[in-house]
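First comes the structure, then the notes that go with it.
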Amino acid sequence: MNHFSTLNEPQQEAVMHTEGPVLILAGAGSGKTRVLTHRAAYLIEEKGVKPYQIMAITFTNKAAGEMRERIHQLVEYGAESVWVATFHATCVRILRRFIDRIGFETNFTIYDADDQKSLMKTICKNLKMDTKLYKEKMFLAAISAAKNELIGPEEFALSAGDDFVKQKQAQVYKEYQNALKRNNAQDFDDLIVHTVRLLRADAQVLEYYQERFLYIMVDEYQDTNTAQFQLIWLLAGKYRNLCVVGDDDQSIYKFRGANIFNILNFEKYFPEAKVIKLEQNYRSTQNILDAANHVIANNHGRKQKKLWTANGEGDKLVFHQFLTGFEEADFVAKDITEKVYKQGFQYRDCAVLYRTNAQSRLFEEKLIVSNIPYKIIGGVNFYARKEIKDLLCYLKTIDNARDDLAVQRIINIPKRGIGAATIGRVQAYAASCDISFYEALKRAEEIPSIGKAASKIRSFVLLIQSMRSKLGLISFSDLFREILDTTGYVAELEAEGTEEAKARMENIDELLGKLVSYEAEAEEPTLSGFLEEVALVADIDTLENDSNYVVLMTLHSAKGLEFPNVYLAGMEDGLFPSYMSIVSETAAEDIEEERRLAYVGITRAMKHLAVTCARERMVRGNLQLNRVSRFVQEIPAELFQKAASAEKPKPEASKPEAPRGRQTLGKGREAFHAKPTAATDTYRAPKNFGTAQKEPLEYSAGDRVRHIKFGEGTVTQIVEGGRDYEVTVDFDTAGIKKMFASFAKLKKV
DNA sequence: CGGGTCATGGTTTTT
DNA sequence: CCATGACCCG
């Protein structure tokens, strides 16, 4: 009697095939985490492998934490020495120890997206880049893409050829790396890149880790990028005991450099690999699974899998098209209330999933009004909030004033009368003496033309120095409180008295709480240790399992999670799949990635799945008209509940609820006047419709149309104007044009 | 220097 | 719509 007998056959096979490379193709909900944790337990208990010889790599801290926890439940002792960490945390740990061997300092700081952006800004300024023409974001994206492919600045420059833009990028890339080095900082991508570089450059270090990690497991393997693959390749290079788990159908991070060929070509890199498919789903009902299978079947070039479940058919799916996003949110709130009060669900059993973070707002408002506890995951990361970053930069400066960015951020927060001009002079001085910004501040008196700002700088430096002198004498939390006091940061917020200021103060309290618990829990608490822990935290990591609230998040964040009751909201062409993917030059590919995202969304649901959308949606202050998402159309109608419901009798016969046929503006005027859905209690005619009736359009966003002069193109946007639609079309030859529908006479093709 | 006003443009997804 | 940036004036 052991815990391995509870596994199904392929799961057991995956657990017990410990030697050599293994590729586990694990469909959604097929128990892959279970396999990984049992595999670790099996290695320890049955194979006598030492826990510290096992490494499990995940993408999020939450996943890592869960895995650690579950291994702990299986294994009597030693579970805590299994190396379970995210890619980034793994690399930081390696680099903190050995990065000096490739010419960096081991006490580097980690730059987040925000820091990268401000660094990039100064670089563009220094290089006199025209940021109107070349956006900082564009440079950062190019650099990140290069790093994900392990292309360094030199190689990038060589490959630029006579491509002018690429040459610019190469120039910026080089400067950017120099600046990072000067600031003793690494960005997220560098953590991986430098680890690979280190392992390639130093045979001793490579050998050390190869001998240490005899068994390596990688979760969510489909989302690894080339750099991450190389890292694994190196670490597993000697013993090749590599077990990767993934699902090509759930690869949704191509935009971030994920290389789907890592999973598709695994057997090429490891010809001796054992391939195991996990096809039994334990999570969802057959109806939900059928819906998912039908949607994903529209993708090409995937590894064939047939998910099945023994869970039974379950309830049918629910679909509603509403008039507005407002009504959509209303429905979700009411439905959640019903699920909780009448069907015995908990709030935590419900999740609202959407494509873009912007959609959360509507739901948030409704949930507040409906008294439903909720939590929004994503959007602005806790540690990216202004007040939090400000205070972290104080800590950074006190800890290690080598980070110019941190010092510059706080030097005038709160206002000390040190303005941009002064900062510019100090920067110039620092550059000419080749010293750090903070060093230059210390010598403020020597800086020419700095005038009376020198005394203000002096007092800032004194403030920092006095804090620093207290390090080690008082606790971190006391130090933190002292920062709040002496800088007057909280006092300023108190004076403000707004709702927003209150929220900020609460966040500061939360940060203090985290500092306190870090100090209490860490074996050897250091300021850098805290800053590092905090740098690698993603918002999804803060989702606690024992709390009871409805969760709202993007489909991307939802990967790896499951909920009994799921709402897939905003299922509209143009929103999901997004315009970007529809009009993209590689639309075919991009839509497939969106479809995988839809697949991920559907398969999050265990018992109930409600799919909703709205005809009209406010996007950036404009009213957009969208049709039902093509992904909804890909779900067979019979999987949806019939609309007719006893509680909500329909006053008039309307279109079938299942999303078949014309749901768009296409079918003449009736589409506008039909009741949007049975669940929408009153139909409110859109404004402007009363008097001058517009002709409904025969096309909608995403459609191909022909213009008499401009030729063919794709509709990217339809905005409702006063008496007409303003249609934006991306023409194949003529470029993007905005025009009024009544004049343009566009024909759908 | 700092605060205010006006203009612009941007969102798809994040470790 | 909202956040950020440019510009202007006290």
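Chains: A, B, ... in order of the structure tokens. Residues: from 1 per chain. Ligands: from 1, in order shown.
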
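The residues of chain C lying at most 12 Å from chain A, with only C-alpha atoms (C1' of nucleotides) taken into account, are DC1, DC2, DA3 and DG5 of chain C.
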
Contacts of DG2 in chain B at 12 Å (only C-alpha atoms (C1' of nucleotides); same-chain gap of 3+ positions) as a PyMOL selection string: (chain A and resi 412+415-420) or (chain C and resi 8-10)

Interface, chain A side, toward chain B (8 Å; only C-alpha atoms (C1' of nucleotides)) as a PDB file with N, CA and C atoms, in the first residue's frame:
ATOM      1  N   PHE A  59       7.128  28.085 -13.461  1.00  0.00           N
ATOM      2  CA  PHE A  59       7.149  29.468 -13.929  1.00  0.00           C
ATOM      3  C   PHE A  59       6.739  30.465 -12.869  1.00  0.00           C
ATOM      4  N   THR A  60       5.849  30.047 -11.979  1.00  0.00           N
ATOM      5  CA  THR A  60       5.414  30.991 -10.947  1.00  0.00           C
ATOM      6  C   THR A  60       5.780  30.467  -9.564  1.00  0.00           C
ATOM      7  N   HIS A  88      13.476  31.924 -12.752  1.00  0.00           N
ATOM      8  CA  HIS A  88      14.194  33.141 -12.367  1.00  0.00           C
ATOM      9  C   HIS A  88      14.846  32.989 -10.999  1.00  0.00           C
ATOM     10  N   PHE A 188      15.186  40.875 -15.905  1.00  0.00           N
ATOM     11  CA  PHE A 188      14.652  39.515 -15.814  1.00  0.00           C
ATOM     12  C   PHE A 188      15.303  38.566 -16.827  1.00  0.00           C
ATOM     13  N   TYR A 253       2.464  31.771 -24.528  1.00  0.00           N
ATOM     14  CA  TYR A 253       3.406  32.850 -24.262  1.00  0.00           C
ATOM     15  C   TYR A 253       4.393  33.093 -25.393  1.00  0.00           C
ATOM     16  N   PHE A 255       4.361  35.413 -27.429  1.00  0.00           N
ATOM     17  CA  PHE A 255       4.676  36.851 -27.457  1.00  0.00           C
ATOM     18  C   PHE A 255       5.820  37.182 -26.518  1.00  0.00           C
ATOM     19  N   ARG A 256       6.030  36.313 -25.554  1.00  0.00           N
ATOM     20  CA  ARG A 256       7.106  36.587 -24.612  1.00  0.00           C
ATOM     21  C   ARG A 256       8.322  35.722 -24.914  1.00  0.00           C
ATOM     22  N   ARG A 355      -9.916  38.511 -21.417  1.00  0.00           N
ATOM     23  CA  ARG A 355      -8.715  38.624 -22.226  1.00  0.00           C
ATOM     24  C   ARG A 355      -7.790  39.752 -21.761  1.00  0.00           C
ATOM     25  N   THR A 356      -8.380  40.883 -21.455  1.00  0.00           N
ATOM     26  CA  THR A 356      -7.551  42.044 -21.106  1.00  0.00           C
ATOM     27  C   THR A 356      -7.868  42.536 -19.696  1.00  0.00           C
ATOM     28  N   GLY A 417      12.927  69.838  -3.358  1.00  0.00           N
ATOM     29  CA  GLY A 417      13.430  70.961  -4.138  1.00  0.00           C
ATOM     30  C   GLY A 417      14.642  70.597  -4.970  1.00  0.00           C
ATOM     31  N   ILE A 418      14.799  69.321  -5.257  1.00  0.00           N
ATOM     32  CA  ILE A 418      15.887  68.902  -6.138  1.00  0.00           C
ATOM     33  C   ILE A 418      15.258  68.526  -7.472  1.00  0.00           C
ATOM     34  N   GLY A 419      15.391  69.389  -8.431  1.00  0.00           N
ATOM     35  CA  GLY A 419      14.659  69.215  -9.683  1.00  0.00           C
ATOM     36  C   GLY A 419      15.452  68.551 -10.776  1.00  0.00           C
ATOM     37  N   LEU A 536      10.985  39.071  -7.404  1.00  0.00           N
ATOM     38  CA  LEU A 536      10.600  37.943  -8.254  1.00  0.00           C
ATOM     39  C   LEU A 536       9.176  37.475  -8.027  1.00  0.00           C
ATOM     40  N   ALA A 538       5.264  37.532  -8.632  1.00  0.00           N
ATOM     41  CA  ALA A 538       4.234  37.914  -9.593  1.00  0.00           C
ATOM     42  C   ALA A 538       2.911  38.009  -8.858  1.00  0.00           C
ATOM     43  N   THR A 554      -6.964  37.577 -15.951  1.00  0.00           N
ATOM     44  CA  THR A 554      -6.857  37.328 -17.386  1.00  0.00           C
ATOM     45  C   THR A 554      -6.710  35.826 -17.620  1.00  0.00           C
ATOM     46  N   HIS A 556      -4.474  34.474 -19.279  1.00  0.00           N
ATOM     47  CA  HIS A 556      -3.071  34.097 -19.113  1.00  0.00           C
ATOM     48  C   HIS A 556      -2.767  33.734 -17.661  1.00  0.00           C
ATOM     49  N   SER A 578      -8.068  39.037 -30.190  1.00  0.00           N
ATOM     50  CA  SER A 578      -7.844  40.474 -30.202  1.00  0.00           C
ATOM     51  C   SER A 578      -7.653  40.989 -31.622  1.00  0.00           C
ATOM     52  N   MET A 580      -5.363  42.778 -32.602  1.00  0.00           N
ATOM     53  CA  MET A 580      -3.951  42.639 -32.936  1.00  0.00           C
ATOM     54  C   MET A 580      -3.694  41.323 -33.674  1.00  0.00           C
TER      55      MET A 580
END

Please identify all polymer residues within 12 Å of range 278-281 of chain A, counting only C-alpha atoms (C1' of nucleotides), omitting same-chain residues fewer than 3 positions from it, and present them as a PDB file with C-alpha atoms, in the first residue's frame.
ATOM      1  CA  LEU A   7      -2.265   6.826 -10.085  1.00  0.00           C
ATOM      2  CA  ASN A   8      -3.598   5.677 -13.424  1.00  0.00           C
ATOM      3  CA  GLU A   9      -1.451   3.649 -15.740  1.00  0.00           C
ATOM      4  CA  PRO A  10       0.305   6.307 -17.800  1.00  0.00           C
ATOM      5  CA  GLN A  11       0.738   8.393 -14.676  1.00  0.00           C
ATOM      6  CA  GLN A  12       2.486   5.489 -12.989  1.00  0.00           C
ATOM      7  CA  GLU A  13       4.617   4.987 -16.016  1.00  0.00           C
ATOM      8  CA  ALA A  14       5.622   8.656 -15.927  1.00  0.00           C
ATOM      9  CA  VAL A  15       6.432   8.434 -12.256  1.00  0.00           C
ATOM     10  CA  LEU A  23       8.408  13.958 -22.281  1.00  0.00           C
ATOM     11  CA  ILE A  24       5.030  13.955 -20.626  1.00  0.00           C
ATOM     12  CA  LEU A  25       2.315  15.350 -22.819  1.00  0.00           C
ATOM     13  CA  ALA A  26      -0.233  16.230 -20.231  1.00  0.00           C
ATOM     14  CA  GLY A  27      -3.604  17.425 -21.355  1.00  0.00           C
ATOM     15  CA  ALA A  28      -5.439  19.998 -19.299  1.00  0.00           C
ATOM     16  CA  GLY A  29      -6.521  18.631 -15.955  1.00  0.00           C
ATOM     17  CA  SER A  30      -4.765  15.312 -16.417  1.00  0.00           C
ATOM     18  CA  GLY A  31      -2.965  15.507 -13.112  1.00  0.00           C
ATOM     19  CA  LYS A  32       0.459  16.633 -14.170  1.00  0.00           C
ATOM     20  CA  THR A  33       1.309  18.246 -10.869  1.00  0.00           C
ATOM     21  CA  ARG A  34       0.341  15.008  -9.238  1.00  0.00           C
ATOM     22  CA  VAL A  35       2.713  13.155 -11.503  1.00  0.00           C
ATOM     23  CA  VAL A 245       5.748  18.146 -18.609  1.00  0.00           C
ATOM     24  CA  GLY A 246       3.742  20.254 -20.950  1.00  0.00           C
ATOM     25  CA  ASP A 247       0.855  20.626 -23.303  1.00  0.00           C
ATOM     26  CA  VAL A 275       7.042   9.933 -24.506  1.00  0.00           C
ATOM     27  CA  SER A 284     -14.004  18.794 -15.987  1.00  0.00           C
ATOM     28  CA  THR A 285     -17.282  17.355 -17.130  1.00  0.00           C
ATOM     29  CA  GLN A 286     -17.550  15.748 -20.542  1.00  0.00           C
ATOM     30  CA  ILE A 288     -16.833  21.163 -20.938  1.00  0.00           C
ATOM     31  CA  LEU A 289     -14.187  18.876 -22.351  1.00  0.00           C
ATOM     32  CA  ASP A 290     -16.121  18.454 -25.596  1.00  0.00           C
ATOM     33  CA  ALA A 292     -12.594  22.534 -25.412  1.00  0.00           C
ATOM     34  CA  ASN A 293     -11.785  19.714 -27.795  1.00  0.00           C
ATOM     35  CA  GLN A 304      -2.654  14.638 -31.376  1.00  0.00           C
ATOM     36  CA  LYS A 305      -4.359  14.037 -28.087  1.00  0.00           C
ATOM     37  CA  LYS A 306      -7.800  12.895 -27.137  1.00  0.00           C
ATOM     38  CA  LEU A 307      -8.846  14.062 -23.731  1.00  0.00           C
ATOM     39  CA  TRP A 308     -11.555  12.089 -22.050  1.00  0.00           C
ATOM     40  CA  THR A 309     -13.068  11.978 -18.623  1.00  0.00           C
ATOM     41  CA  ALA A 310     -14.963   9.565 -16.443  1.00  0.00           C
ATOM     42  CA  ASN A 311     -16.767  12.451 -14.797  1.00  0.00           C
ATOM     43  CA  GLY A 312     -19.950  12.202 -16.812  1.00  0.00           C
ATOM     44  CA  THR A 603     -10.526  23.835 -19.464  1.00  0.00           C
ATOM     45  CA  ARG A 604     -10.260  25.822 -16.232  1.00  0.00           C
ATOM     46  CA  ALA A 605     -13.883  24.931 -15.516  1.00  0.00           C
ATOM     47  CA  MET A 606     -14.720  21.873 -13.475  1.00  0.00           C
TER      48      MET A 606
END

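CA of Ala236 in chain A sits 6.9 Å away from CA of Ile216 in chain A.
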
DSSP alpha helix (DSSP H) selection over range 374-542 of chain A, as a ChimeraX atom specification: /A:386-399,404-410,420-433,437-442,453-470,476-487,489-496,499-521,527-535

Interatomic distance, CA of Leu199 in chain A to CA of Phe87 in chain A (Å, one decimal): 14.8 Å

Those in range 156-334 of chain A with strand (DSSP E) from DSSP, as a PyMOL selection string: chain A and resi 185-187+215-218+242-246+274-278+280-281+308-309+318-324

Test item: residues at most 12 Å from Ala614 in chain A, only C-alpha atoms (C1' of nucleotides), excluding those fewer than 5 positions along its chain, as a VMD selection string: chain A and resid 319 to 331 359 568 to 576 623 to 629 663 to 664 676 to 677 680

Atoms to include: N, CA and C atoms. Write the selected residues as an mmCIF file, in the first residue's frame.
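And here is the file that came out, result.cif:
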data_model
loop_
_atom_site.group_PDB
_atom_site.id
_atom_site.type_symbol
_atom_site.label_atom_id
_atom_site.label_comp_id
_atom_site.auth_asym_id
_atom_site.auth_seq_id
_atom_site.Cartn_x
_atom_site.Cartn_y
_atom_site.Cartn_z
ATOM 1 N N PHE A 319 -24.581 30.163 -22.545
ATOM 2 C CA PHE A 319 -24.084 31.273 -23.362
ATOM 3 C C PHE A 319 -25.079 32.411 -23.358
ATOM 4 N N HIS A 320 -24.578 33.628 -23.174
ATOM 5 C CA HIS A 320 -25.435 34.807 -23.289
ATOM 6 C C HIS A 320 -24.704 35.902 -24.035
ATOM 7 N N GLN A 321 -25.426 36.473 -24.964
ATOM 8 C CA GLN A 321 -24.886 37.692 -25.566
ATOM 9 C C GLN A 321 -25.700 38.854 -25.017
ATOM 10 N N PHE A 322 -25.018 39.818 -24.440
ATOM 11 C CA PHE A 322 -25.721 40.960 -23.875
ATOM 12 C C PHE A 322 -25.552 42.168 -24.770
ATOM 13 N N LEU A 323 -26.309 43.179 -24.443
ATOM 14 C CA LEU A 323 -26.171 44.397 -25.226
ATOM 15 C C LEU A 323 -24.881 45.112 -24.849
ATOM 16 N N THR A 324 -24.638 45.246 -23.560
ATOM 17 C CA THR A 324 -23.464 45.993 -23.118
ATOM 18 C C THR A 324 -22.634 45.165 -22.141
ATOM 19 N N GLY A 325 -21.421 45.611 -21.944
ATOM 20 C CA GLY A 325 -20.548 44.971 -20.982
ATOM 21 C C GLY A 325 -21.108 45.127 -19.573
ATOM 22 N N PHE A 326 -21.846 46.191 -19.394
ATOM 23 C CA PHE A 326 -22.474 46.464 -18.121
ATOM 24 C C PHE A 326 -23.456 45.355 -17.752
ATOM 25 N N GLU A 327 -24.283 44.997 -18.722
ATOM 26 C CA GLU A 327 -25.262 43.942 -18.489
ATOM 27 C C GLU A 327 -24.588 42.586 -18.317
ATOM 28 N N GLU A 328 -23.522 42.420 -19.034
ATOM 29 C CA GLU A 328 -22.752 41.196 -18.906
ATOM 30 C C GLU A 328 -22.267 41.037 -17.464
ATOM 31 N N ALA A 329 -21.709 42.098 -16.934
ATOM 32 C CA ALA A 329 -21.191 42.066 -15.565
ATOM 33 C C ALA A 329 -22.328 41.830 -14.578
ATOM 34 N N ASP A 330 -23.463 42.436 -14.859
ATOM 35 C CA ASP A 330 -24.631 42.281 -14.027
ATOM 36 C C ASP A 330 -25.047 40.813 -13.943
ATOM 37 N N PHE A 331 -25.084 40.200 -15.090
ATOM 38 C CA PHE A 331 -25.436 38.777 -15.145
ATOM 39 C C PHE A 331 -24.467 37.949 -14.310
ATOM 40 N N GLN A 359 -10.863 44.880 -18.731
ATOM 41 C CA GLN A 359 -12.225 44.401 -18.553
ATOM 42 C C GLN A 359 -12.603 44.196 -17.085
ATOM 43 N N LEU A 568 -16.426 32.880 -18.716
ATOM 44 C CA LEU A 568 -15.533 33.386 -19.752
ATOM 45 C C LEU A 568 -16.205 34.604 -20.343
ATOM 46 N N ALA A 569 -15.693 35.765 -20.019
ATOM 47 C CA ALA A 569 -16.388 37.001 -20.382
ATOM 48 C C ALA A 569 -15.727 37.681 -21.569
ATOM 49 N N GLY A 570 -16.491 38.494 -22.230
ATOM 50 C CA GLY A 570 -15.950 39.281 -23.343
ATOM 51 C C GLY A 570 -15.551 38.419 -24.521
ATOM 52 N N MET A 571 -16.351 37.390 -24.792
ATOM 53 C CA MET A 571 -16.035 36.501 -25.916
ATOM 54 C C MET A 571 -16.523 37.140 -27.211
ATOM 55 N N GLU A 572 -15.752 38.105 -27.676
ATOM 56 C CA GLU A 572 -16.137 38.841 -28.877
ATOM 57 C C GLU A 572 -14.954 38.921 -29.827
ATOM 58 N N ASP A 573 -15.245 38.762 -31.079
ATOM 59 C CA ASP A 573 -14.190 38.951 -32.077
ATOM 60 C C ASP A 573 -13.691 40.386 -31.979
ATOM 61 N N GLY A 574 -12.424 40.558 -31.922
ATOM 62 C CA GLY A 574 -11.862 41.896 -31.783
ATOM 63 C C GLY A 574 -11.346 42.101 -30.373
ATOM 64 N N LEU A 575 -12.021 41.454 -29.439
ATOM 65 C CA LEU A 575 -11.529 41.512 -28.068
ATOM 66 C C LEU A 575 -10.806 40.191 -27.787
ATOM 67 N N PHE A 576 -11.464 39.126 -28.188
ATOM 68 C CA PHE A 576 -10.894 37.794 -28.036
ATOM 69 C C PHE A 576 -11.445 36.909 -29.132
ATOM 70 N N LEU A 623 -17.288 53.564 -28.411
ATOM 71 C CA LEU A 623 -18.203 52.446 -28.418
ATOM 72 C C LEU A 623 -17.881 51.544 -29.591
ATOM 73 N N GLN A 624 -17.586 50.314 -29.309
ATOM 74 C CA GLN A 624 -17.289 49.383 -30.391
ATOM 75 C C GLN A 624 -18.373 48.321 -30.507
ATOM 76 N N LEU A 625 -18.603 47.916 -31.736
ATOM 77 C CA LEU A 625 -19.602 46.884 -31.971
ATOM 78 C C LEU A 625 -18.866 45.617 -32.352
ATOM 79 N N ASN A 626 -19.097 44.598 -31.582
ATOM 80 C CA ASN A 626 -18.389 43.349 -31.840
ATOM 81 C C ASN A 626 -19.355 42.209 -32.068
ATOM 82 N N ARG A 627 -18.932 41.260 -32.845
ATOM 83 C CA ARG A 627 -19.740 40.061 -33.010
ATOM 84 C C ARG A 627 -19.229 38.968 -32.072
ATOM 85 N N VAL A 628 -20.015 37.948 -31.938
ATOM 86 C CA VAL A 628 -19.651 36.843 -31.055
ATOM 87 C C VAL A 628 -18.324 36.238 -31.519
ATOM 88 N N SER A 629 -17.495 35.926 -30.580
ATOM 89 C CA SER A 629 -16.186 35.378 -30.900
ATOM 90 C C SER A 629 -16.277 34.125 -31.764
ATOM 91 N N GLN A 663 -25.042 36.448 -35.514
ATOM 92 C CA GLN A 663 -25.243 37.168 -34.274
ATOM 93 C C GLN A 663 -24.791 38.592 -34.490
ATOM 94 N N THR A 664 -24.411 38.859 -35.673
ATOM 95 C CA THR A 664 -23.772 40.141 -35.929
ATOM 96 C C THR A 664 -24.771 41.121 -36.495
ATOM 97 N N PRO A 676 -31.513 41.055 -26.925
ATOM 98 C CA PRO A 676 -30.163 40.509 -26.917
ATOM 99 C C PRO A 676 -30.120 39.108 -26.330
ATOM 100 N N THR A 677 -30.723 38.908 -25.187
ATOM 101 C CA THR A 677 -30.795 37.564 -24.649
ATOM 102 C C THR A 677 -31.947 37.494 -23.678
ATOM 103 N N THR A 680 -31.331 39.335 -20.324
ATOM 104 C CA THR A 680 -31.312 40.786 -20.269
ATOM 105 C C THR A 680 -32.738 41.265 -20.089
#
